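Scroll down for the structure; my scribbles are underneath it.
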Amino acid sequence: MESFLQIDGLCKSFGDRVIFDGLSLNINQGEKVGLIARNGQGKSTLLDVIAGKADYRSGTITFRRDIRTAYLVQTPVFPKGANVLTACCPESDEDKLLRARQLLTKLGVPDFDKPIDQLSGGQAKRVALAQALMQEPDFLILDEPTNHLDVEVTEWLEDYLTASRLTLFMVTHDRYLLDRVCNRIIEIDDFRAYSYQGNYSYYLEKRQERLDAESSQRESDLNLYRRELDWMRRMPCARGGKARYRKESFHQLEERLQHRRDEQSVALDVKASYIGKKIFDIEHLSKAFDDKIILKDFSYIFTRYEKLGIIGENGVGKSTFLKLLLGIEQPDSGVIGRGTTLKIGYYSQEGLKFPEDAKVIDVVTAIADHIVLDDGRRMSAGQFLQKFLFTPKTQYSYVSKLSGGERRRLYLCTILMQSPNFLILDEPTNDLDIMTLQVLEEYIAQFKGCVIVVSHDRYFMDKIAEHLLVFEGDGKVTNFPSSYSDYMEYKVLKEDEDKAAAAAKSKPVAPAQQPAATTNRPVKLTFKEKREMEQIEQELQQLEEEKALLEQELNSGTLPYDQLQQKSARIGQIIERTDTITMRWLELSEK
């Protein structure tokens, strides 16, 4: 495969803060690469540097000369005075304008004449995505493309990227998108790039193997260090060549251990306040804005410890419902009875505006100097911030120096340190890194209180929500008693049944015709089976490419005997795996 992008020895810093130090990576034609790193480790900065939007201290960035590139930034900016259509496609070519209208409609922005400065941030992101796709790039760079996209648009984008032959480099927290679109994952950690030749699930497996190996190596190094330290103390004056060599080795080992990997994670073990039996009792609630109905005669009683997901298209009133519970909005009619023990932690889409000239530690100590953990231990504000990946140095730096993701993490920290017993999370996955999301999911699973989550992140909803409130528009809200994936499967099956019923109803029946003999209806593919077929097709393509590469190496005549055996054995494994999953694909295709 031909290289589309080669980065060698990239170095970048902001003042005394090092972002990259000798970073190298390569992306080949046809690869769909997902980039993963913690917040503050330079994901968006790297994309800006690659796209020529930011400078760098040293290193080289080389694109293949004749390729077209397009870049979707996290926060797009458009020319003043542009409308939706001209922002997406500034050219007057009618064929291109026709395609732009189709893309904008698919992405849920059908008002082509609306001034771009009147759009919400989410709508502007959709226009920018359409603009990037309109360029028909060979190499597409995407920074959080699914932020503010509803599920249907996200799935359309997923299908588009999977079917496209373009080369992709993408930062996203959407783990289903990473799993179903990407065939390679690059993780940046401790200034190094680790490459995993597979999707997100494969990355998780192989990353854990790497961490286990590093942990084992560290334990071995520690044992060696103890022995060598004892020798150094007993032999401080040794001058022989062997002794000098052993001293040098000791100092190298000491430096390696000091620079050890610190596998940090956000430890969200904050104690929840006691919660009583009465939470929220909602009776006959109605709310509308002019002729737009949000809720119509809605009743619901929350129970202790329930984990509720709220889903629906953009603009149907999900956030308004949360604001009704919080008392920020008032209902047109109906009653919301609130329990006396409720202590609400509200994570809003808008976030919290921290003073730019405040230090991180001051933001936290303004709330509390100490935090009580679930096991009764007390922790200082500084120790608590370290649990949220804020190093002592970062704690005493200014808020103005934090990345967007670090600000969201600080916001989450300020909410949870107040020990709420009812969490309301409105789009919490935007701008949080995957590592933080994983620990947040584990925390919510153990949380001794109630949780409401509004999110378009399909993976996050599957992990968190035990049942759903589905906002369908015009005030209709359905209580679905299962997970998000189950709901999507149910929705697909129901749509198919509705179409079949409509077709049967419209089909004329001859008056003298005898009823046809009953036949067994073919079983339709479920939502999960359709996804399984897609994954099999992707894997077959990957196996075919790997097999072709191995055959090329075997035919080169340059491999040593042990590698000949190893690669021949691998081809046998590929053929066996191909046969197995092909049979499964045939089984599914016959349904």
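Starting from 1 in every chain, residues are counted up; chains themselves are A, B, ... following the order of the structure tokens, and ligands are numbered from 1 as listed.
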Name all residues at most 12 Å from Ile575 of chain A (count only C-alpha atoms; drop same-chain ones fewer than 5 positions away) and give them as an MDAnalysis selection string. chainID A and resid 540 543:544 546:548 568:570 580:582
Residues near Ile336 of chain A, cut-off 10 Å, only C-alpha atoms, skip fewer than 2 positions along chain, as JSON, numbers by chain: {"A": [280, 281, 282, 283, 284, 285, 299, 300, 301, 324, 325, 326, 327, 330, 331, 333, 334, 338, 339]}
Take the residues from that selection and write them out as a tab-separated table (two decimals), in the first residue's frame, keeping C-alpha atoms.
```
chain	number	residue	atom	x	y	z
A	280	PHE	CA	-39.73	12.74	41.39
A	281	ASP	CA	-43.48	12.11	41.02
A	282	ILE	CA	-44.66	13.60	37.71
A	283	GLU	CA	-48.40	13.94	37.16
A	284	HIS	CA	-50.08	15.03	33.89
A	285	LEU	CA	-47.20	17.27	32.79
A	299	SER	CA	-46.90	11.08	34.04
A	300	TYR	CA	-43.97	9.15	35.52
A	301	ILE	CA	-42.73	8.09	38.97
A	324	LEU	CA	-38.40	21.10	34.02
A	325	LEU	CA	-37.13	18.63	36.63
A	326	LEU	CA	-34.53	21.14	37.77
A	327	GLY	CA	-37.03	24.01	37.98
A	330	GLN	CA	-41.87	25.82	34.36
A	331	PRO	CA	-44.62	23.49	33.01
A	333	SER	CA	-49.77	22.37	33.47
A	334	GLY	CA	-49.26	19.37	35.71
A	338	ARG	CA	-39.84	16.36	44.44
A	339	GLY	CA	-38.38	14.25	47.26
```
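Nearest residue to Asp426 of chain A, choosing from A:Thr365, A:Ser164, A:Ser483, A:Ser348 and counting only C-alpha atoms: A:Ser348.
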Tell me, counting only C-alpha atoms, for each residue of segment 164-224 of chain A within 10 Å of segment 531-538 of chain A, which pair of atoms is nearest and how far apart they are in Å to one decimal, in rows ordered by chain and increasing number, as a tab-separated table.
```
residue	atom	partner	partner_atom	distance
A:Asp179	CA	A:Gln535	CA	9.0
A:Arg180	CA	A:Gln535	CA	6.9
A:Val181	CA	A:Gln538	CA	8.8
A:Cys182	CA	A:Gln538	CA	9.7
A:Asn183	CA	A:Gln538	CA	8.4
A:Asn199	CA	A:Gln538	CA	9.9
```
Hey, what's within 8 Å of segment 9-14 of chain A if we count only C-alpha atoms and toss same-chain stuff fewer than 3 positions away? As number ranges by chain, please? A: 17-24, 55-61
List every residue of segment 337-494 of chain A that DSSP, applied to the backbone, labels as alpha helix (DSSP H), and write the result as a VMD selection string. chain A and resid 360 to 365 381 to 387 392 to 395 404 to 416 434 to 446 458 to 464 484 to 494
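Counting only C-alpha atoms, Leu85 of chain A has the following residues at most 7 Å away, ignoring those fewer than 3 positions along the same chain: A:Cys88, A:Cys89, A:Phe112, A:Asp113.
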Expected file: the selected residues, N, CA and C atoms, as a PDB file, in the first residue's frame:
```pdb
ATOM      1  N   CYS A  88     -21.763  25.569   2.544  1.00  0.00           N
ATOM      2  CA  CYS A  88     -21.436  24.191   2.200  1.00  0.00           C
ATOM      3  C   CYS A  88     -20.759  24.101   0.841  1.00  0.00           C
ATOM      4  N   CYS A  89     -21.265  24.906  -0.124  1.00  0.00           N
ATOM      5  CA  CYS A  89     -20.746  24.843  -1.498  1.00  0.00           C
ATOM      6  C   CYS A  89     -20.686  26.256  -2.069  1.00  0.00           C
ATOM      7  N   PHE A 112     -31.878  25.574   3.405  1.00  0.00           N
ATOM      8  CA  PHE A 112     -30.677  25.978   2.671  1.00  0.00           C
ATOM      9  C   PHE A 112     -30.425  27.487   2.699  1.00  0.00           C
ATOM     10  N   ASP A 113     -31.477  28.279   2.823  1.00  0.00           N
ATOM     11  CA  ASP A 113     -31.320  29.742   2.764  1.00  0.00           C
ATOM     12  C   ASP A 113     -31.089  30.385   4.121  1.00  0.00           C
TER      13      ASP A 113
END
```
Tell me which of A:Met435, A:Ile310, A:Ala130, A:Val492 sits closest to Lys96 of chain A, counting only C-alpha atoms. A:Ala130
Val33 of chain A surroundings by only C-alpha atoms, 8 Å radius, close-in-sequence under 2 positions cut, as a PyMOL selection string: chain A and resi 27+31+35+168-170+182-186
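The nearest approach to Thr436 of chain A among the residues A:Leu389, A:Val316, A:Leu119, A:Ile50, with only C-alpha atoms taken into account, belongs to A:Leu389.
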What does the distance between atom CA of Leu142 of chain A and atom CA of Glu545 of chain A come to in Å, to one decimal place? 25.2 Å
Shell of 8 Å around segment 304-306 of chain A, only C-alpha atoms, local chain residues under 3 positions omitted, as a PyMOL selection string: chain A and resi 275-279+447-451+466
Can you work out the spacing between atom CA of Arg409 of chain A and atom CA of Asp431 of chain A in Å, to one decimal?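 Rounded to one decimal, the two atoms are 8.7 Å apart.
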